[in-house]
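Peer 1: Once you've had a glance at the structure underneath, I'll fire off some questions.
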Amino acid sequence: MNLYRTALRSMSLLRSPYSVYTPPMISLLRHYSSRPMETSTAQRRPKVTIKTIQSMYKRHEPISMMTAQDYPSGLVVDQAGIDMCLVGDSLAMVCLGYDSTNPLTVEDMLHHCRAVTRGCKSSFVVADLPFGSYEASSEDAVRVSLRFLKEGFCEAVKLEGGVEMAETIKKITRVGIPVLAHVGLTPQRQAALGGFRVQGKTAKQAKALLDDAIAVQDAGAFAVVLEAVPAEIAGYITQQLKIPTIGIGAGVECSGQVLVQNDALGLFDKFVPKFTKQYCNLNQIMTNALKEFHEDVKSKAFPAPQNTYAIDPAQLEKFWAEERARNGTALEEDTTERSSML
């Protein structure tokens with residue numbers, strides 16, 4: 001009991017919102033991946049909201065945004081202090097192995113949104129509306145957007161398109177759902193664009209992008225993603241708008257930046273876009289770790305004694321005695337050999 005009280009006193013003295021202290025006695029407890037230890041709400045940073053994003057924009061503080069597709073990736077986005085978390089339809093390619101984002105369904109996306117929001121509690125969570133779920137009518141768009149807030153536990157939705165989607169954005173925002181717009185390279189429409197190509201490289205294209213950005217702003221979008229746009233054009237659009245721009249391959253003058261997490265961490269095996277900065281190569285790290293596990297299993301180096309559970313010697317001997325009595329002396333040699341190994 002004295003040890004318990006000492007540990008509690010130590011924990012109360014050393015706990016802070018920015019660090020996690022594990023007192024010696026806690027190491028006696030086992031936590032499993034199937035039942036993880038709960039994270040204390042006291043350790044979380046303040047919740048990022050629309051107001052937070054607007055305040056950052058007004059004081060010219062760059063906004064960070066990263067994608068996530070499941071509980072672990074959502075958790076690390078949150079722990080890293082990222083401002084906005086996008087459950088992006090890019091998960092169709094980097095997580096599910098499709099060649100494009102288009103096969104993804106609403107049910108697929110809702111499943112991933114629920115997983116991400118279990119781990120990501122402080123970042124502002126936005127969900128991509130999948131291809132085919134919102135284009136046919138504004139009513140379809142409103143219905144599916146409501147599902148992402150009610151069933152996916154997200155806080156905003158993202159949709160692709162400019163002038164032609166302005167009325168849809170207006171309808172969604174009228175029912176109280178924040179919308180993040182997306183212009184420039186719109187991956188859901190890559191077939192019509194002739195592939196994943198930079199947009200705004202001609203004067204005519206640049207003017208069209210500016211018109212798109214202004215249209216989604218006027219329709220009520222709280223921010224707009226600019227993807228694969230020349231830096232000079234993206235910077236000018238950012239200057240002309242009164243809402244944040246989130247760049248991905250659009251230069252440093254945007255109000256914020258977003259990357260696909262798997263690209264940034266080196267976990268996607270097919271290609272790495274030019275605009276991605278790879279901060280590490282987790283693919284190689286994970287492959288090496290699994291190779292080591294494979295070799296440990298083959299050589300019986302794993303599990304080691306520290307990875308196994310003990311049994312009280314008296315209880316073990318009692319078990320062997322009961323088994324000998326039940327099976328006869330044939331078990332004697334085997335149990336003697338096992339006991340000598342412990």
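Chain identifiers are assigned as A, B, and so on, following the order in which chains appear in the structure tokens; residues are numbered from 1 within each chain, and ligands are numbered from 1 in order of appearance.
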Excluding A:Gly74 and its own-chain neighbours fewer than 4 positions away, which residues fall within 12 Å of it when counting only C-alpha atoms? Please give them as a VMD selection string.
Peer 2: chain A and resid 65 to 70 78 to 82 84 to 88 112 to 126 261
Peer 1: Step one, run DSSP on the backbone; step two, keep only residues of stretch 108-294 of chain A assigned to strand (DSSP E); then write them as a PyMOL selection string.
Peer 2: chain A and resi 124-128+156-160+179-184+223-227+245-248+256-259
Peer 1: Please provide as a list in words all residues within 10 Å of A:Val252, with the sequence filter that same-chain residues fewer than 5 positions apart are discarded (counting only C-alpha atoms).
Peer 2: Pro62, Ala231, Glu232, Ala234, Gly235, Ile246, Gly247 and Gln257 of chain A
Peer 1: Check the DSSP output for the backbone and give back, as number ranges by chain, the residues of stretch 14-250 of chain A in helix (DSSP H, G or I).
Peer 2: A: 14, 24-28, 41-43, 50-58, 71-79, 91-94, 106-119, 138-150, 163-174, 187-193, 203-219, 231-240
Peer 1: Closest to A:Tyr236 among A:Leu209, A:Leu265, A:Leu159, A:Ile248, using only C-alpha atoms?
Peer 2: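 Looking at the shortest contact to A:Tyr236, the residue is A:Leu209.
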Peer 1: Find, counting only C-alpha atoms, the residue in A:Val198, A:Ala250, A:Val106, A:Ala325 that gets nearest to A:Tyr134.
Peer 2: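 Looking only at the distances to A:Tyr134, the closest residue turns out to be A:Val106.
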Peer 1: In terms of the shortest atom-to-atom distance over only C-alpha atoms, which of A:Leu259, A:Ala304, A:Ala166, A:Leu180 is closest to A:Leu129?
Peer 2: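 For A:Leu129, the nearest of the candidates is A:Leu180.
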Peer 1: Could you please determine the separation between atom CA of A:Ile169 and atom CA of A:Phe131 in Å, to one decimal place?
Peer 2: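 Separation of atom CA of A:Ile169 and atom CA of A:Phe131: 15.4 Å.
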Peer 1: Nearest to A:Phe222: which of A:Lys170, A:Lys270, A:Lys201, A:Lys277 is it, counting only C-alpha atoms?
Peer 2: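 Result for the nearest residue to A:Phe222: A:Lys170.
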Peer 1: Compare A:Leu210, A:Ile172, A:Ala219, A:Ile311 by their minimum atom-to-atom distance to A:Asp140, counting only C-alpha atoms, and give me the closest one.
Peer 2: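 For A:Asp140, the nearest of the given residues is A:Ile172.
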Peer 1: Identify, on the basis of only C-alpha atoms, every residue whose closest approach to A:Asn283 does not exceed 12 Å; exclude the query and any residue fewer than 5 positions from it along the same chain; express the result as a ChimeraX atom specification.
Peer 2: /A:262-270,278,288-290
